[in-house]
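Visitor: What follows is a single structure, and I will ask about it in a moment.
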Amino acid sequence: MKIVFLDAKSIGEDMDLSGFERFGEVVRYGFSTPEEARERMKDADIVILNKIPVNEETANEANHLKLICVTATGTDNLDKEYLEKRGIAWRNVAGYSTETVAQHTFAMLFYLTEKLRYYDEYVKSGAYAGDVMFTHFDNLFHEISGKTWGIIGMGTIGKRVADIAKLFGCHVVYYSTSGKNNQEGYERVELETLLSCSDILSVHAPLNENTRGLMNLEAFSRMKRGSIFLNLGRGPIVVEEDLKQALEQKMIGGAGLDVLSQEPMSPENPLLEIQDSSRLLITPHIAWASVEARTRLMKTIENQVEEFITQEMK
C-alpha cells in the first residue's frame, strides 16, 4: 500500500506518524494545492488529508485510490457521490476534540469575564508594586454562578460545555438549529428567548442552511448588554461586520472567537479594526488542537487504515 498525506502540517509537525509505515510506503506533503493533490494522488492507495478537496477534478487520475481518511469531523471537501461511483471508501473522525474544545470555551470566557489581560498588565506595569492596597478594584468582574448560559448547537461538544457550565452554577438553555434535538436535563428554547435571556452565549453548531449568518446584527441587538458571545462552531455562522458593530455600539459586553469566515484570517476582516482584547478575543482555530486531541485523532486514523487493509486482504 502507498499512503499519501496531502497536508500533514494541518495536524502539527509534532505528531508521530511512524505507525503508518507498517502498512507500506508513506509519503508526506506539508501542504498541497488542488493541482498538486491531483498529481500526488495518482499512484496512492490511501490518502490522508484535512481540507484538500477530493472530487472528479482532483481524483480522476487516481486509479489506485481505495480509501480517503479525513483528519477531521467535517467532510464537506469530499464529493461523496463521485467517491461512491468510483468505489472509493472514506472515513472521518468524530469526538476526538470534545474535551479540548470545551476547555478552550471556558478559557476564552474567563479571559473576558475576569478581565485577565487588564489585571496582568496592571501588575506587570509596576503599578501594583506601588499600590497601597493589596487588592485592586478598578475593573469589576462577576461570578458566572447564577447566570444563564445559552448554547446554540447541543451536540457532543455543546452538551459537554453545558455539563461543565452547570457545575459552575449556571442555568443552561439551548436552541436546536434543526428543531429536532431534545437534550434531556436541559431547557430547549426558541432563538429569540435564548438571545434575550443569556448572560453567556456559546456556539457549537455546524455550518448549514440553518446556521449560516444566524448571528447577525438583529440577533446581537436582542442580546443582553454586557453579555459574552463565544463562537467555537464555524466562522460563517457569524456576520463579522455585524459583530463589529455590536461591539462598537456596546450591544454586548465582549466576544471570543476561535473560528472565522475565512481562515487564515483575511486582511480585510472588519474585526481587525477592534484591537481592544478586553472586548474581543480571537484565537486562530486552535480549540481542537491540544496534543492529546491530535494524538487521539491520528491514532483513530491509524486504526481505520489498519481495519480497511485487513478487510481488503480477506
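Residues in the C-alpha cells are named by chain (A, B, ... in the order shown) and by number from 1 within that chain; ligands are numbered from 1 in the order shown.
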Hey, what's within 10 Å of range 259-264 of chain A if we count only C-alpha atoms and toss same-chain stuff fewer than 3 positions away? As a PDB file with C-alpha atoms, in the first residue's frame, please?
Guide:
```
ATOM      1  CA  LEU A 230     -18.411  32.861  22.079  1.00  0.00           C
ATOM      2  CA  ASN A 231     -18.149  31.136  18.691  1.00  0.00           C
ATOM      3  CA  LEU A 232     -16.418  27.760  18.618  1.00  0.00           C
ATOM      4  CA  GLY A 233     -18.598  26.336  15.846  1.00  0.00           C
ATOM      5  CA  ARG A 234     -17.979  27.659  12.339  1.00  0.00           C
ATOM      6  CA  GLY A 235     -16.969  31.155  11.284  1.00  0.00           C
ATOM      7  CA  PRO A 236     -19.729  31.921   8.744  1.00  0.00           C
ATOM      8  CA  ILE A 237     -22.367  31.432  11.450  1.00  0.00           C
ATOM      9  CA  VAL A 238     -21.411  34.984  12.460  1.00  0.00           C
ATOM     10  CA  VAL A 239     -21.774  38.031  10.236  1.00  0.00           C
ATOM     11  CA  GLU A 240     -18.459  39.592  11.200  1.00  0.00           C
ATOM     12  CA  GLY A 256     -14.453  35.358  21.875  1.00  0.00           C
ATOM     13  CA  PRO A 267      -6.533  41.150   5.939  1.00  0.00           C
ATOM     14  CA  ASN A 269     -11.707  41.199   8.027  1.00  0.00           C
ATOM     15  CA  LEU A 271     -12.806  42.562  13.211  1.00  0.00           C
ATOM     16  CA  ILE A 282      -9.684  35.837  18.657  1.00  0.00           C
ATOM     17  CA  THR A 283      -7.670  32.623  18.570  1.00  0.00           C
ATOM     18  CA  PRO A 284      -6.538  31.026  15.270  1.00  0.00           C
ATOM     19  CA  HIS A 285      -8.772  27.922  15.137  1.00  0.00           C
ATOM     20  CA  ILE A 286      -6.848  26.172  17.914  1.00  0.00           C
ATOM     21  CA  ALA A 287      -9.657  24.999  20.214  1.00  0.00           C
TER      22      ALA A 287
END
```
Visitor: Show which residues sit within 9 Å of range 109-126 of chain A, as a PyMOL selection string. Count only C-alpha atoms, and ignore same-chain residues fewer than 5 positions away.
Guide: chain A and resi 104+131+136+139-144+200+228-230+253-256+277-281
Visitor: Just want the 10 Å neighbourhood of range 188-194 of chain A, counted on only C-alpha atoms, with same-chain residues fewer than 6 positions away dropped. Output as number ranges by chain.
Guide: A: 148-152, 154, 172-177, 179, 181-182, 200-201, 214, 219, 222-223
Visitor: Within 7 Å of Arg225 in chain A, counting only C-alpha atoms, which residues show up once you throw out same-chain ones fewer than 6 positions away? Write them as a list in words, please.
Guide: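 Residues meeting the cut-off are Lys250, Met251, Ile252 and Gly253 of chain A.
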Visitor: Do you have the CA of Ile46 in chain A-CA of Leu65 in chain A distance handy?
Guide: 6.0 Å
Visitor: Determine the nearest neighbour of Lys224 in chain A from the options A:Arg212, A:Lys147, A:Lys180, A:His204, counting only C-alpha atoms.
Guide: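 Using only C-alpha atoms, the shortest distance to Lys224 in chain A belongs to A:Lys147.
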Visitor: Nearest to Glu13 in chain A: which of A:Thr310, A:Thr33, A:Asn60, A:Thr295 is it, counting only C-alpha atoms?
Guide: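 Looking only at the distances to Glu13 in chain A, the closest residue turns out to be A:Thr295.
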Visitor: Where in range 10-252 of chain A does DSSP assign strand (DSSP E), given as number ranges by chain?
Guide: A: 25-28, 46-49, 67-70, 89-91, 148-152, 171-175, 187-188, 200-203, 228-231
Visitor: Can I get the selected residues back with C-alpha atoms, as an mmCIF file, in the first residue's frame?
Guide:
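Full text of selection_30.cif as output:
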```
data_model
loop_
_atom_site.group_PDB
_atom_site.id
_atom_site.type_symbol
_atom_site.label_atom_id
_atom_site.label_comp_id
_atom_site.auth_asym_id
_atom_site.auth_seq_id
_atom_site.Cartn_x
_atom_site.Cartn_y
_atom_site.Cartn_z
ATOM 1 C CA GLU A 25 5.224 3.261 1.721
ATOM 2 C CA VAL A 26 4.337 6.577 3.364
ATOM 3 C CA VAL A 27 4.772 9.920 1.594
ATOM 4 C CA ARG A 28 4.099 13.160 3.462
ATOM 5 C CA ILE A 46 -4.773 5.587 0.644
ATOM 6 C CA VAL A 47 -4.879 9.372 1.002
ATOM 7 C CA ILE A 48 -4.944 11.172 4.345
ATOM 8 C CA LEU A 49 -5.978 14.815 4.305
ATOM 9 C CA LEU A 67 -9.555 4.965 0.816
ATOM 10 C CA ILE A 68 -9.734 8.636 1.859
ATOM 11 C CA CYS A 69 -9.186 9.440 5.545
ATOM 12 C CA VAL A 70 -10.178 12.918 6.691
ATOM 13 C CA ALA A 89 -14.245 4.429 0.689
ATOM 14 C CA TRP A 90 -13.903 7.370 3.078
ATOM 15 C CA ARG A 91 -13.554 7.806 6.822
ATOM 16 C CA THR A 148 -27.864 31.915 32.250
ATOM 17 C CA TRP A 149 -25.689 30.160 29.673
ATOM 18 C CA GLY A 150 -27.257 29.778 26.238
ATOM 19 C CA ILE A 151 -25.955 27.229 23.761
ATOM 20 C CA ILE A 152 -26.500 27.072 20.009
ATOM 21 C CA HIS A 171 -28.715 27.799 34.311
ATOM 22 C CA VAL A 172 -28.281 26.292 30.832
ATOM 23 C CA VAL A 173 -30.727 26.767 27.962
ATOM 24 C CA TYR A 174 -30.224 25.776 24.339
ATOM 25 C CA TYR A 175 -31.568 26.372 20.857
ATOM 26 C CA GLU A 187 -34.268 23.541 28.699
ATOM 27 C CA ARG A 188 -34.823 23.978 24.982
ATOM 28 C CA ILE A 200 -23.209 33.914 28.145
ATOM 29 C CA LEU A 201 -23.957 32.536 24.684
ATOM 30 C CA SER A 202 -21.713 29.965 23.026
ATOM 31 C CA VAL A 203 -21.999 28.483 19.542
ATOM 32 C CA ILE A 228 -20.498 37.456 26.412
ATOM 33 C CA PHE A 229 -20.669 35.808 22.983
ATOM 34 C CA LEU A 230 -18.411 32.861 22.079
ATOM 35 C CA ASN A 231 -18.149 31.136 18.691
#
```
Visitor: At a cut-off of 9 Å, using only C-alpha atoms, what residues contact Gly155 in chain A? Leave out same-chain residues fewer than 3 positions from it and give the result as a PyMOL selection string.
Guide: chain A and resi 158-160+181+183+204-205
Visitor: Quick one: residues within 10 Å of Tyr82 in chain A, only C-alpha atoms counted, chain neighbours fewer than 6 positions away excluded, as a PDB file with N, CA and C atoms, in the first residue's frame?
Guide:
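Listing of part_31.pdb after writing:
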```pdb
ATOM      1  N   VAL A  54     -11.568  16.544  -2.655  1.00  0.00           N
ATOM      2  CA  VAL A  54     -11.443  15.316  -3.433  1.00  0.00           C
ATOM      3  C   VAL A  54     -12.711  15.167  -4.260  1.00  0.00           C
ATOM      4  N   ASN A  55     -12.551  15.280  -5.557  1.00  0.00           N
ATOM      5  CA  ASN A  55     -13.678  15.235  -6.485  1.00  0.00           C
ATOM      6  C   ASN A  55     -13.168  14.717  -7.832  1.00  0.00           C
ATOM      7  N   GLU A  56     -13.993  14.772  -8.843  1.00  0.00           N
ATOM      8  CA  GLU A  56     -13.590  14.254 -10.155  1.00  0.00           C
ATOM      9  C   GLU A  56     -12.391  15.015 -10.700  1.00  0.00           C
ATOM     10  N   ALA A  59      -9.266  13.828  -8.468  1.00  0.00           N
ATOM     11  CA  ALA A  59      -9.002  12.400  -8.274  1.00  0.00           C
ATOM     12  C   ALA A  59      -9.241  11.535  -9.502  1.00  0.00           C
ATOM     13  N   ASN A  60      -9.548  12.131 -10.641  1.00  0.00           N
ATOM     14  CA  ASN A  60      -9.914  11.292 -11.792  1.00  0.00           C
ATOM     15  C   ASN A  60      -8.750  10.472 -12.346  1.00  0.00           C
ATOM     16  N   ILE A  88     -14.660   4.257  -3.971  1.00  0.00           N
ATOM     17  CA  ILE A  88     -13.612   4.708  -3.046  1.00  0.00           C
ATOM     18  C   ILE A  88     -14.242   4.951  -1.683  1.00  0.00           C
TER      19      ILE A  88
END
```
